[in-house]
Amino acid sequence: MQRQRPDLPSTDKRWKLVNATMRRNGYAEHALIEALHSVQDAFGFLDTDAMTFVADSLDLPLSKVYGVATFYHLFMLKPQGRHTCVVCTGTACYIKGAGALIEGIEQRFGVNPGETTEDKSLSVMTARCVGACGLAPAVVIDGNVIGKLGTDKLVERIEEETRE
């Protein structure tokens with residue numbers, strides 16, 4: 001006998017896409033990460049309602065879903081800004097000045113890693129490594145890897161991106 005699956009959280013059609021991802025994987029536990037990616041792709045972030053729906057659908061404890069969502073840095077638990085800036089804090093980047101870049105961003109835009117500006121124009125994050133050690137300190141702005149920038153040049157580049 002099959003277990004009753006929970007109703008979709010709302011009539012928003014994006015939930016059907018999320019549910020289809022889980023159904024395609026037989027509502028199995030191994031579908032968790034793919035289901036969370038599906039939610040984030042559809043809604044931009046993972047909120048409590050979304051994680052509860054995924055947990056109920058896959059018959060997993062909410063604590064496990066939350067644990068996975070918070071373990072992987074790619075999952076966002078809050079709405080993100082229109083633009084993103086990810087500062088690499090890996091060893092090479094840190095030695096070459098990643099800390100100064102983070103301080104410069106905080107001074108100019110008033111946000112720390114893990115935060116979004118009040119006007120929702122910029123989200124700032126850090127990553128353990130972006131795989132561009134030869135460009136240290138490396139930063140990823142809206143998916144584009146940029147390296148060897150000082151604080152002033154980085155702030156200038158972010159300002160250019162957020163004006164567009």
# chains A, B, ... in the order shown; residues from 1 in each chain; ligands from 1
>>> closest_atom_pairs(of="region 25-111 of chain A", to="region 127-144 of chain A", cutoff="9 Å", atoms="only C-alpha atoms", output="Markdown table")
| residue | atom | partner | partner_atom | distance |
| --- | --- | --- | --- | --- |
| A:His73 | CA | A:Ala127 | CA | 7.4 |
| A:Arg82 | CA | A:Asp142 | CA | 8.9 |
| A:His83 | CA | A:Asp142 | CA | 5.8 |
| A:Thr84 | CA | A:Asp142 | CA | 5.2 |
| A:Cys85 | CA | A:Ile141 | CA | 4.5 |
| A:Val86 | CA | A:Val140 | CA | 5.0 |
| A:Val87 | CA | A:Val139 | CA | 4.6 |
| A:Cys88 | CA | A:Ala127 | CA | 4.9 |
| A:Thr89 | CA | A:Arg128 | CA | 5.2 |
| A:Gly90 | CA | A:Cys129 | CA | 4.7 |
| A:Thr91 | CA | A:Cys129 | CA | 8.1 |
| A:Ala92 | CA | A:Cys133 | CA | 5.9 |
| A:Cys93 | CA | A:Pro137 | CA | 4.1 |
| A:Tyr94 | CA | A:Pro137 | CA | 6.9 |
| A:Ile95 | CA | A:Pro137 | CA | 8.1 |
| A:Lys96 | CA | A:Pro137 | CA | 5.5 |
| A:Gly97 | CA | A:Pro137 | CA | 6.1 |
| A:Ala98 | CA | A:Pro137 | CA | 5.6 |
| A:Leu101 | CA | A:Pro137 | CA | 8.4 |
>>> residues_around(residues="region 11-17 of chain A", least_positions_apart="3", cutoff="12 Å", atoms="only C-alpha atoms", output="VMD selection string")
chain A and resid 6 to 8 20 to 24 34 to 44 49 to 50 53 to 54 57
>>> atom_distance(atom1="CA of Gly110 (chain A)", atom2="CA of Asp47 (chain A)")
24.4 Å
>>> select_by_dssp(residues="region 10-144 of chain A", states="strand (DSSP E)", output="list of chain:residue names")
A:His83, A:Thr84, A:Cys85, A:Val86, A:Val87, A:Cys88, A:Glu115, A:Thr116, A:Leu122, A:Ser123, A:Val124, A:Met125, A:Thr126, A:Ala127, A:Ala138, A:Val139, A:Val140, A:Ile141, A:Asn144
>>> write_last_selection(atoms="all heavy atoms", output="short mmCIF file (atom, residue, chain, number, x, y, z; two decimals), in the first residue's frame")
data_model
loop_
_atom_site.label_atom_id
_atom_site.label_comp_id
_atom_site.auth_asym_id
_atom_site.auth_seq_id
_atom_site.Cartn_x
_atom_site.Cartn_y
_atom_site.Cartn_z
N HIS A 83 21.76 40.58 -7.59
CA HIS A 83 23.15 40.25 -7.95
C HIS A 83 23.79 39.53 -6.77
O HIS A 83 23.43 39.78 -5.62
CB HIS A 83 23.94 41.52 -8.27
CG HIS A 83 23.39 42.28 -9.43
ND1 HIS A 83 23.65 41.94 -10.73
CD2 HIS A 83 22.56 43.35 -9.47
CE1 HIS A 83 23.01 42.79 -11.53
NE2 HIS A 83 22.34 43.63 -10.79
N THR A 84 24.76 38.66 -7.09
CA THR A 84 25.47 37.94 -6.03
C THR A 84 26.97 38.16 -6.15
O THR A 84 27.50 38.29 -7.26
CB THR A 84 25.20 36.42 -6.08
OG1 THR A 84 25.61 35.93 -7.35
CG2 THR A 84 23.74 36.10 -5.82
N CYS A 85 27.61 38.21 -5.01
CA CYS A 85 29.07 38.32 -4.95
C CYS A 85 29.55 37.26 -3.97
O CYS A 85 29.20 37.31 -2.79
CB CYS A 85 29.48 39.71 -4.50
SG CYS A 85 31.27 39.87 -4.28
N VAL A 86 30.31 36.30 -4.47
CA VAL A 86 30.85 35.23 -3.62
C VAL A 86 32.36 35.42 -3.53
O VAL A 86 33.06 35.38 -4.55
CB VAL A 86 30.54 33.83 -4.21
CG1 VAL A 86 31.09 32.75 -3.31
CG2 VAL A 86 29.05 33.67 -4.44
N VAL A 87 32.85 35.66 -2.33
CA VAL A 87 34.28 35.83 -2.11
C VAL A 87 34.87 34.50 -1.67
O VAL A 87 34.40 33.89 -0.71
CB VAL A 87 34.55 36.91 -1.02
CG1 VAL A 87 36.05 37.06 -0.79
CG2 VAL A 87 33.93 38.25 -1.42
N CYS A 88 35.88 34.05 -2.38
CA CYS A 88 36.55 32.81 -2.03
C CYS A 88 37.40 33.04 -0.78
O CYS A 88 38.15 34.02 -0.71
CB CYS A 88 37.43 32.33 -3.18
SG CYS A 88 38.31 30.80 -2.79
N GLU A 115 24.47 37.96 3.94
CA GLU A 115 23.43 39.00 4.01
C GLU A 115 23.14 39.57 2.63
O GLU A 115 23.90 39.41 1.69
CB GLU A 115 23.86 40.13 4.95
CG GLU A 115 24.08 39.70 6.37
CD GLU A 115 24.56 40.82 7.28
OE1 GLU A 115 24.97 41.89 6.77
OE2 GLU A 115 24.53 40.62 8.50
N THR A 116 22.01 40.26 2.56
CA THR A 116 21.57 40.93 1.34
C THR A 116 21.31 42.40 1.68
O THR A 116 20.80 42.70 2.76
CB THR A 116 20.28 40.27 0.81
OG1 THR A 116 20.57 38.89 0.51
CG2 THR A 116 19.76 40.95 -0.45
N LEU A 122 22.01 43.30 -3.83
CA LEU A 122 23.25 42.52 -3.74
C LEU A 122 23.22 41.57 -2.55
O LEU A 122 22.89 41.97 -1.44
CB LEU A 122 24.45 43.47 -3.59
CG LEU A 122 25.82 42.82 -3.41
CD1 LEU A 122 26.25 42.10 -4.68
CD2 LEU A 122 26.85 43.87 -3.02
N SER A 123 23.57 40.32 -2.82
CA SER A 123 23.79 39.32 -1.76
C SER A 123 25.27 39.00 -1.75
O SER A 123 25.87 38.79 -2.81
CB SER A 123 22.99 38.05 -2.03
OG SER A 123 21.62 38.28 -1.88
N VAL A 124 25.85 38.94 -0.57
CA VAL A 124 27.27 38.65 -0.41
C VAL A 124 27.42 37.32 0.31
O VAL A 124 26.74 37.07 1.31
CB VAL A 124 27.98 39.78 0.38
CG1 VAL A 124 29.45 39.45 0.58
CG2 VAL A 124 27.82 41.11 -0.33
N MET A 125 28.29 36.48 -0.22
CA MET A 125 28.53 35.16 0.36
C MET A 125 30.01 34.85 0.33
O MET A 125 30.77 35.54 -0.35
CB MET A 125 27.77 34.09 -0.43
CG MET A 125 26.27 34.20 -0.32
SD MET A 125 25.44 33.23 -1.57
CE MET A 125 25.38 34.41 -2.91
N THR A 126 30.39 33.83 1.05
CA THR A 126 31.76 33.32 0.96
C THR A 126 31.69 31.86 0.54
O THR A 126 30.66 31.21 0.70
CB THR A 126 32.52 33.43 2.30
OG1 THR A 126 31.82 32.69 3.29
CG2 THR A 126 32.70 34.88 2.71
N ALA A 127 32.79 31.37 0.01
CA ALA A 127 32.90 29.96 -0.37
C ALA A 127 34.27 29.48 0.09
O ALA A 127 35.24 30.25 0.08
CB ALA A 127 32.75 29.79 -1.87
N ALA A 138 40.09 35.35 -5.48
CA ALA A 138 39.03 35.17 -6.49
C ALA A 138 37.67 35.53 -5.92
O ALA A 138 37.38 35.32 -4.75
CB ALA A 138 39.01 33.73 -6.99
N VAL A 139 36.85 36.10 -6.79
CA VAL A 139 35.48 36.50 -6.46
C VAL A 139 34.60 36.06 -7.61
O VAL A 139 35.02 36.10 -8.77
CB VAL A 139 35.39 38.04 -6.27
CG1 VAL A 139 33.98 38.47 -5.98
CG2 VAL A 139 36.32 38.51 -5.17
N VAL A 140 33.39 35.63 -7.30
CA VAL A 140 32.43 35.26 -8.34
C VAL A 140 31.28 36.26 -8.27
O VAL A 140 30.57 36.31 -7.27
CB VAL A 140 31.91 33.82 -8.16
CG1 VAL A 140 30.95 33.45 -9.28
CG2 VAL A 140 33.07 32.83 -8.09
N ILE A 141 31.13 37.06 -9.32
CA ILE A 141 30.05 38.05 -9.38
C ILE A 141 29.06 37.58 -10.43
O ILE A 141 29.42 37.44 -11.61
CB ILE A 141 30.56 39.46 -9.71
CG1 ILE A 141 31.55 39.93 -8.63
CG2 ILE A 141 29.39 40.44 -9.83
CD1 ILE A 141 32.19 41.27 -8.93
N ASN A 144 30.31 34.92 -12.73
CA ASN A 144 31.56 35.16 -13.46
C ASN A 144 32.73 35.25 -12.49
O ASN A 144 32.74 36.09 -11.59
CB ASN A 144 31.47 36.47 -14.26
CG ASN A 144 30.36 36.43 -15.28
OD1 ASN A 144 30.27 35.47 -16.05
ND2 ASN A 144 29.52 37.44 -15.30
#
